[in-house]
$ cat input.pdb   # PDB, C-alpha atoms, pLDDT in the B column
ATOM      1  CA  ARG A   8     -93.626-148.213  17.287  1.00 48.00           C
ATOM      2  CA  ARG A   9     -91.612-151.389  17.245  1.00 50.00           C
ATOM      3  CA  VAL A  10     -92.142-154.390  15.045  1.00 50.00           C
ATOM      4  CA  HIS A  11     -91.480-157.692  16.757  1.00 53.00           C
ATOM      5  CA  GLY A  12     -91.927-160.961  14.894  1.00 54.00           C
ATOM      6  CA  GLY A  13     -94.175-159.310  12.326  1.00 54.00           C
ATOM      7  CA  ASN A  14     -96.578-157.944  14.941  1.00 53.00           C
ATOM      8  CA  LEU A  15     -96.998-154.277  15.443  1.00 51.00           C
ATOM      9  CA  LEU A  16     -96.541-153.437  19.098  1.00 50.00           C
ATOM     10  CA  GLU A  17     -97.843-150.369  20.816  1.00 50.00           C
ATOM     11  CA  PRO A  18     -95.006-148.255  22.119  1.00 51.00           C
ATOM     12  CA  HIS A  19     -94.649-148.412  25.845  1.00 52.00           C
ATOM     13  CA  ASP A  20     -93.616-145.439  27.838  1.00 48.00           C
ATOM     14  CA  CYS A  21     -89.896-146.085  27.525  1.00 49.00           C
ATOM     15  CA  ARG A  22     -88.919-143.065  29.502  1.00 53.00           C
ATOM     16  CA  ARG A  23     -87.442-144.367  32.681  1.00 56.00           C
ATOM     17  CA  MET A  24     -87.416-142.367  35.810  1.00 56.00           C
ATOM     18  CA  ARG A  25     -83.874-141.262  36.327  1.00 63.00           C
ATOM     19  CA  SER A  26     -82.838-141.109  39.922  1.00 66.00           C
ATOM     20  CA  ALA A  27     -79.981-139.138  41.355  1.00 66.00           C
ATOM     21  CA  PRO A  28     -76.592-140.856  41.100  1.00 68.00           C
ATOM     22  CA  THR A  29     -75.879-143.243  43.937  1.00 77.00           C
ATOM     23  CA  PHE A  30     -72.432-141.854  44.629  1.00 76.00           C
ATOM     24  CA  ASP A  31     -71.398-138.246  44.698  1.00 81.00           C
ATOM     25  CA  LYS A  32     -67.946-138.599  46.243  1.00 86.00           C
ATOM     26  CA  PHE A  33     -65.481-140.202  43.888  1.00 89.00           C
ATOM     27  CA  VAL A  34     -61.810-141.014  44.332  1.00 92.00           C
ATOM     28  CA  GLN A  35     -60.422-138.292  42.093  1.00 93.00           C
ATOM     29  CA  ILE A  36     -57.500-135.927  41.850  1.00 95.00           C
ATOM     30  CA  GLY A  37     -58.070-132.942  44.104  1.00 94.00           C
ATOM     31  CA  ARG A  38     -60.484-134.722  46.466  1.00 95.00           C
ATOM     32  CA  VAL A  39     -59.853-133.800  50.095  1.00 95.00           C
ATOM     33  CA  VAL A  40     -59.820-136.854  52.367  1.00 96.00           C
ATOM     34  CA  LEU A  41     -59.767-137.496  56.090  1.00 95.00           C
ATOM     35  CA  PHE A  42     -57.626-140.223  57.638  1.00 95.00           C
ATOM     36  CA  ASN A  43     -59.745-142.635  59.667  1.00 93.00           C
ATOM     37  CA  SER A  44     -56.904-144.927  60.701  1.00 90.00           C
ATOM     38  CA  GLY A  45     -53.138-145.063  60.800  1.00 89.00           C
ATOM     39  CA  VAL A  46     -50.544-142.591  61.993  1.00 92.00           C
ATOM     40  CA  HIS A  47     -52.336-139.521  60.598  1.00 93.00           C
ATOM     41  CA  ILE A  48     -55.796-140.273  62.031  1.00 92.00           C
ATOM     42  CA  GLY A  49     -58.049-137.204  62.011  1.00 91.00           C
ATOM     43  CA  LYS A  50     -55.874-135.211  59.569  1.00 94.00           C
ATOM     44  CA  LEU A  51     -56.919-133.854  56.184  1.00 95.00           C
ATOM     45  CA  ALA A  52     -55.018-134.527  52.959  1.00 95.00           C
ATOM     46  CA  THR A  53     -55.545-134.160  49.206  1.00 95.00           C
ATOM     47  CA  ILE A  54     -55.445-136.850  46.509  1.00 96.00           C
ATOM     48  CA  VAL A  55     -52.699-135.921  44.060  1.00 96.00           C
ATOM     49  CA  GLU A  56     -52.659-139.136  41.991  1.00 95.00           C
ATOM     50  CA  VAL A  57     -54.715-142.326  41.820  1.00 95.00           C
ATOM     51  CA  ILE A  58     -52.319-145.278  41.648  1.00 95.00           C
ATOM     52  CA  ASP A  59     -54.819-148.139  41.440  1.00 92.00           C
ATOM     53  CA  GLU A  60     -58.195-149.094  42.880  1.00 91.00           C
ATOM     54  CA  ASN A  61     -56.694-149.564  46.356  1.00 94.00           C
ATOM     55  CA  ARG A  62     -54.002-146.882  46.704  1.00 95.00           C
ATOM     56  CA  VAL A  63     -53.612-143.163  46.143  1.00 96.00           C
ATOM     57  CA  LEU A  64     -50.793-140.649  46.325  1.00 96.00           C
ATOM     58  CA  LEU A  65     -51.639-138.034  48.945  1.00 95.00           C
ATOM     59  CA  ASP A  66     -50.166-134.766  50.032  1.00 93.00           C
ATOM     60  CA  GLY A  67     -51.430-132.741  52.984  1.00 86.00           C
ATOM     61  CA  PRO A  68     -50.039-130.197  51.895  1.00 89.00           C
ATOM     62  CA  SER A  69     -47.396-131.157  54.432  1.00 87.00           C
ATOM     63  CA  THR A  70     -46.722-127.562  55.490  1.00 89.00           C
ATOM     64  CA  LEU A  71     -50.348-127.065  56.548  1.00 91.00           C
ATOM     65  CA  THR A  72     -51.638-130.456  57.698  1.00 92.00           C
ATOM     66  CA  LYS A  73     -48.378-132.250  58.562  1.00 92.00           C
ATOM     67  CA  VAL A  74     -49.242-135.153  56.231  1.00 93.00           C
ATOM     68  CA  PRO A  75     -46.211-135.914  54.044  1.00 93.00           C
ATOM     69  CA  ARG A  76     -46.602-136.850  50.393  1.00 94.00           C
ATOM     70  CA  GLY A  77     -46.879-140.604  50.108  1.00 94.00           C
ATOM     71  CA  VAL A  78     -48.858-143.633  49.017  1.00 95.00           C
ATOM     72  CA  TYR A  79     -51.782-144.521  51.295  1.00 95.00           C
ATOM     73  CA  PRO A  80     -54.524-147.169  51.093  1.00 95.00           C
ATOM     74  CA  ILE A  81     -58.013-145.936  50.246  1.00 94.00           C
ATOM     75  CA  SER A  82     -59.418-148.101  53.045  1.00 94.00           C
ATOM     76  CA  ALA A  83     -57.705-145.805  55.583  1.00 93.00           C
ATOM     77  CA  LEU A  84     -59.451-142.706  54.197  1.00 94.00           C
ATOM     78  CA  THR A  85     -62.851-141.037  54.322  1.00 94.00           C
ATOM     79  CA  LEU A  86     -63.764-138.978  51.263  1.00 94.00           C
ATOM     80  CA  THR A  87     -65.066-135.494  51.989  1.00 94.00           C
ATOM     81  CA  SER A  88     -67.256-133.372  49.737  1.00 92.00           C
ATOM     82  CA  PHE A  89     -64.421-130.952  48.954  1.00 94.00           C
ATOM     83  CA  VAL A  90     -62.547-131.081  45.634  1.00 94.00           C
ATOM     84  CA  LEU A  91     -59.633-128.757  44.908  1.00 94.00           C
ATOM     85  CA  PRO A  92     -59.031-127.576  41.335  1.00 93.00           C
ATOM     86  CA  ILE A  93     -55.494-128.982  40.982  1.00 94.00           C
ATOM     87  CA  ARG A  94     -53.650-130.828  38.272  1.00 93.00           C
ATOM     88  CA  ARG A  95     -52.368-134.363  38.428  1.00 93.00           C
ATOM     89  CA  ASN A  96     -49.198-134.673  40.562  1.00 93.00           C
ATOM     90  CA  ALA A  97     -49.519-131.053  41.649  1.00 92.00           C
ATOM     91  CA  ARG A  98     -46.493-129.628  43.402  1.00 93.00           C
ATOM     92  CA  LEU A  99     -46.542-128.418  46.963  1.00 92.00           C
ATOM     93  CA  HIS A 100     -46.785-124.717  46.102  1.00 93.00           C
ATOM     94  CA  SER A 101     -49.861-125.014  43.857  1.00 93.00           C
ATOM     95  CA  LEU A 102     -51.516-127.473  46.239  1.00 94.00           C
ATOM     96  CA  GLU A 103     -50.882-125.158  49.169  1.00 94.00           C
ATOM     97  CA  ALA A 104     -52.355-122.197  47.263  1.00 94.00           C
ATOM     98  CA  ALA A 105     -55.513-124.155  46.349  1.00 94.00           C
ATOM     99  CA  PHE A 106     -55.861-125.463  49.932  1.00 93.00           C
ATOM    100  CA  LYS A 107     -55.594-121.954  51.369  1.00 93.00           C
ATOM    101  CA  ALA A 108     -57.875-120.404  48.732  1.00 94.00           C
ATOM    102  CA  ALA A 109     -60.634-122.927  49.472  1.00 93.00           C
ATOM    103  CA  ASP A 110     -60.072-122.503  53.243  1.00 93.00           C
ATOM    104  CA  ILE A 111     -60.458-126.253  53.675  1.00 93.00           C
ATOM    105  CA  PRO A 112     -59.816-126.569  57.448  1.00 93.00           C
ATOM    106  CA  ALA A 113     -62.472-123.964  58.292  1.00 94.00           C
ATOM    107  CA  SER A 114     -64.923-125.353  55.738  1.00 94.00           C
ATOM    108  CA  PHE A 115     -64.407-128.894  57.024  1.00 94.00           C
ATOM    109  CA  ALA A 116     -64.959-127.764  60.624  1.00 94.00           C
ATOM    110  CA  LYS A 117     -68.452-126.548  59.598  1.00 95.00           C
ATOM    111  CA  THR A 118     -69.490-129.936  58.167  1.00 95.00           C
ATOM    112  CA  THR A 119     -71.297-132.580  60.178  1.00 95.00           C
ATOM    113  CA  LEU A 120     -68.256-134.842  60.203  1.00 93.00           C
ATOM    114  CA  GLY A 121     -66.028-131.978  61.309  1.00 94.00           C
ATOM    115  CA  LYS A 122     -68.366-131.090  64.173  1.00 95.00           C
ATOM    116  CA  LYS A 123     -68.566-134.736  65.206  1.00 94.00           C
ATOM    117  CA  LEU A 124     -64.770-135.042  65.350  1.00 93.00           C
ATOM    118  CA  GLN A 125     -64.554-131.806  67.335  1.00 93.00           C
ATOM    119  CA  ARG A 126     -67.089-133.104  69.888  1.00 92.00           C
ATOM    120  CA  LYS A 127     -65.139-136.357  70.116  1.00 91.00           C
ATOM    121  CA  GLN A 128     -61.909-134.469  70.850  1.00 91.00           C
ATOM    122  CA  ILE A 129     -63.589-132.347  73.505  1.00 92.00           C
ATOM    123  CA  ARG A 130     -65.068-135.425  75.177  1.00 90.00           C
ATOM    124  CA  ALA A 131     -61.687-137.166  75.119  1.00 91.00           C
ATOM    125  CA  SER A 132     -60.079-134.205  76.864  1.00 94.00           C
ATOM    126  CA  LEU A 133     -62.634-134.123  79.708  1.00 93.00           C
ATOM    127  CA  GLY A 134     -61.486-135.030  83.176  1.00 94.00           C
ATOM    128  CA  ASP A 135     -63.297-137.178  85.701  1.00 95.00           C
ATOM    129  CA  PHE A 136     -65.240-134.339  87.315  1.00 96.00           C
ATOM    130  CA  ASP A 137     -66.125-132.849  83.917  1.00 94.00           C
ATOM    131  CA  ARG A 138     -67.622-136.180  82.799  1.00 94.00           C
ATOM    132  CA  PHE A 139     -69.619-136.263  86.052  1.00 96.00           C
ATOM    133  CA  LYS A 140     -70.955-132.747  85.377  1.00 95.00           C
ATOM    134  CA  VAL A 141     -72.044-133.844  81.881  1.00 94.00           C
ATOM    135  CA  LEU A 142     -73.805-136.857  83.411  1.00 95.00           C
ATOM    136  CA  VAL A 143     -75.695-134.667  85.913  1.00 97.00           C
ATOM    137  CA  ALA A 144     -76.667-132.170  83.190  1.00 97.00           C
ATOM    138  CA  LYS A 145     -78.009-135.012  81.020  1.00 96.00           C
ATOM    139  CA  ARG A 146     -80.074-136.349  83.929  1.00 98.00           C
ATOM    140  CA  GLN A 147     -81.541-132.903  84.593  1.00 98.00           C
ATOM    141  CA  LYS A 148     -82.373-132.393  80.911  1.00 98.00           C
ATOM    142  CA  ASN A 149     -83.996-135.836  80.644  1.00 98.00           C
ATOM    143  CA  ALA A 150     -86.070-135.157  83.769  1.00 98.00           C
ATOM    144  CA  ILE A 151     -87.395-131.903  82.296  1.00 98.00           C
ATOM    145  CA  VAL A 152     -88.183-133.599  78.969  1.00 97.00           C
ATOM    146  CA  ALA A 153     -89.967-136.477  80.732  1.00 97.00           C
ATOM    147  CA  LYS A 154     -92.037-134.032  82.824  1.00 96.00           C
ATOM    148  CA  GLU A 155     -93.140-132.050  79.746  1.00 96.00           C
ATOM    149  CA  LEU A 156     -93.922-135.250  77.858  1.00 96.00           C
ATOM    150  CA  ALA A 157     -96.075-136.445  80.753  1.00 95.00           C
ATOM    151  CA  LYS A 158     -97.977-133.130  80.709  1.00 94.00           C
ATOM    152  CA  LEU A 159     -98.625-133.465  76.968  1.00 93.00           C
ATOM    153  CA  LYS A 160     -99.828-137.060  77.357  1.00 93.00           C
ATOM    154  CA  ALA A 161    -102.125-136.033  80.212  1.00 92.00           C
ATOM    155  CA  LYS A 162    -103.780-133.379  77.991  1.00 88.00           C
ATOM    156  CA  LYS A 163    -104.816-135.981  75.422  1.00 78.00           C
TER
END
$ encode --input "input.pdb" --output "structure tokens"
Amino acid sequence: RRVHGGNLLEPHDCRRMRSAPTFDKFVQIGRVVLFNSGVHIGKLATIVEVIDENRVLLDGPSTLTKVPRGVYPISALTLTSFVLPIRRNARLHSLEAAFKAADIPASFAKTTLGKKLQRKQIRASLGDFDRFKVLVAKRQKNAIVAKELAKLKAKK
């Protein structure tokens, strides 16, 4: 019970419904990121140090992902759900060991974003005739779907 201005107030249900946190991917040491622009587009790297709210120090590790250690803007990165258990300013050897132990490239390839990037690469590598075959296959699939949909609507 609270007293306000001499009046006794009935306690309200002060328990607020707690929702899940809005963000679950934070810029933190050990976070695996994907380049979405720049020279290293499509490559994975690991945050080794947070410099300020706009820049981070990344390392690939360079022996595995060909991303050299350097300062990169956060705006050029996409945060993934993977976090490696490394220390601040981790050296190449320990970073490499953590990257291999977590099997990051294979794990990333199984995610939705990884599959999307893989599809994009396959589509980009298609030739003229291959694109035509995809177009014909889509038309055939859509015709079958439309026919079945018409049958279902006719039953109602």
$ residues_around --input "input.pdb" --residues "segment 43-53 of chain A" --least-positions-apart "5" --cutoff "6 Å" --atoms "all atoms listed in the file" --output "PyMOL selection string"
chain A and resi 37-38+65-67+83-84
$ closest_residue --input "input.pdb" --among "A:Tyr79, A:Phe106, A:Phe136, A:Phe30" --to "Glu60 of chain A" --atoms "only C-alpha atoms"
A:Tyr79
$ axis_aligned_box --input "input.pdb" --around "segment 106-112 of chain A" --padding-each-side "3 Å" --output "JSON"
{"center_x": -58.1, "center_y": -123.5, "center_z": 53.1, "size_x": 11.0, "size_y": 12.2, "size_z": 14.7}
$ residues_near_point --input "input.pdb" --point "(-45.5, -121.5, 55.7)" --cutoff "12 Å" --atoms "only C-alpha atoms" --output "list in words"
Pro68, Ser69, Thr70, Leu71, Thr72, Lys73, Leu99, His100, Glu103, Ala104 and Lys107 of chain A
$ resolve_selection --input "input.pdb" --expression "the PyMOL selection byres ((chain A and resi 64) around 8)" --output "tab-separated table (two decimals) with C-alpha atoms, in the coordinates of the input"
chain	number	residue	atom	x	y	z
A	54	ILE	CA	-55.44	-136.85	46.51
A	55	VAL	CA	-52.70	-135.92	44.06
A	56	GLU	CA	-52.66	-139.14	41.99
A	57	VAL	CA	-54.72	-142.33	41.82
A	58	ILE	CA	-52.32	-145.28	41.65
A	62	ARG	CA	-54.00	-146.88	46.70
A	63	VAL	CA	-53.61	-143.16	46.14
A	65	LEU	CA	-51.64	-138.03	48.94
A	66	ASP	CA	-50.17	-134.77	50.03
A	76	ARG	CA	-46.60	-136.85	50.39
A	77	GLY	CA	-46.88	-140.60	50.11
A	78	VAL	CA	-48.86	-143.63	49.02
A	79	TYR	CA	-51.78	-144.52	51.30
$ atom_distance --input "input.pdb" --atom1 "atom CA of Gln35 of chain A" --atom2 "atom CA of Lys127 of chain A"
28.5 Å
$ closest_residue --input "input.pdb" --among "A:Ile111, A:Ala144, A:Leu41, A:Ala150" --to "Val74 of chain A" --atoms "all atoms listed in the file"
A:Leu41
$ atom_distance --input "input.pdb" --atom1 "atom CA of Asp31 of chain A" --atom2 "atom CA of Ala109 of chain A"
19.3 Å
$ atom_distance --input "input.pdb" --atom1 "atom CA of Lys32 of chain A" --atom2 "atom CA of Thr87 of chain A"
7.1 Å
$ build_atoms --input "input.pdb" --residues "segment 109-120 of chain A" --atoms "N, CA and C atoms" --output "mmCIF file, in the frame of the given file"
data_model
loop_
_atom_site.group_PDB
_atom_site.id
_atom_site.type_symbol
_atom_site.label_atom_id
_atom_site.label_comp_id
_atom_site.auth_asym_id
_atom_site.auth_seq_id
_atom_site.Cartn_x
_atom_site.Cartn_y
_atom_site.Cartn_z
ATOM 1 N N ALA A 109 -59.351 -122.283 49.164
ATOM 2 C CA ALA A 109 -60.634 -122.927 49.472
ATOM 3 C C ALA A 109 -60.931 -122.911 50.969
ATOM 4 N N ASP A 110 -59.927 -122.550 51.784
ATOM 5 C CA ASP A 110 -60.072 -122.503 53.243
ATOM 6 C C ASP A 110 -60.643 -123.822 53.771
ATOM 7 N N ILE A 111 -59.983 -124.896 53.378
ATOM 8 C CA ILE A 111 -60.458 -126.253 53.675
ATOM 9 C C ILE A 111 -60.610 -126.531 55.168
ATOM 10 N N PRO A 112 -59.629 -126.237 56.032
ATOM 11 C CA PRO A 112 -59.816 -126.569 57.448
ATOM 12 C C PRO A 112 -61.052 -125.913 58.072
ATOM 13 N N ALA A 113 -61.299 -124.653 57.751
ATOM 14 C CA ALA A 113 -62.472 -123.964 58.292
ATOM 15 C C ALA A 113 -63.761 -124.515 57.699
ATOM 16 N N SER A 114 -63.738 -124.795 56.396
ATOM 17 C CA SER A 114 -64.923 -125.353 55.738
ATOM 18 C C SER A 114 -65.242 -126.735 56.278
ATOM 19 N N PHE A 115 -64.196 -127.540 56.495
ATOM 20 C CA PHE A 115 -64.407 -128.894 57.024
ATOM 21 C C PHE A 115 -64.952 -128.841 58.444
ATOM 22 N N ALA A 116 -64.494 -127.887 59.235
ATOM 23 C CA ALA A 116 -64.959 -127.764 60.624
ATOM 24 C C ALA A 116 -66.454 -127.457 60.688
ATOM 25 N N LYS A 117 -67.022 -126.879 59.629
ATOM 26 C CA LYS A 117 -68.452 -126.548 59.598
ATOM 27 C C LYS A 117 -69.314 -127.738 59.179
ATOM 28 N N THR A 118 -68.713 -128.782 58.607
ATOM 29 C CA THR A 118 -69.490 -129.936 58.167
ATOM 30 C C THR A 118 -69.900 -130.797 59.356
ATOM 31 N N THR A 119 -70.821 -131.688 59.127
ATOM 32 C CA THR A 119 -71.297 -132.580 60.178
ATOM 33 C C THR A 119 -70.171 -133.454 60.706
ATOM 34 N N LEU A 120 -69.375 -133.992 59.790
ATOM 35 C CA LEU A 120 -68.256 -134.842 60.203
ATOM 36 C C LEU A 120 -67.234 -134.049 61.004
#
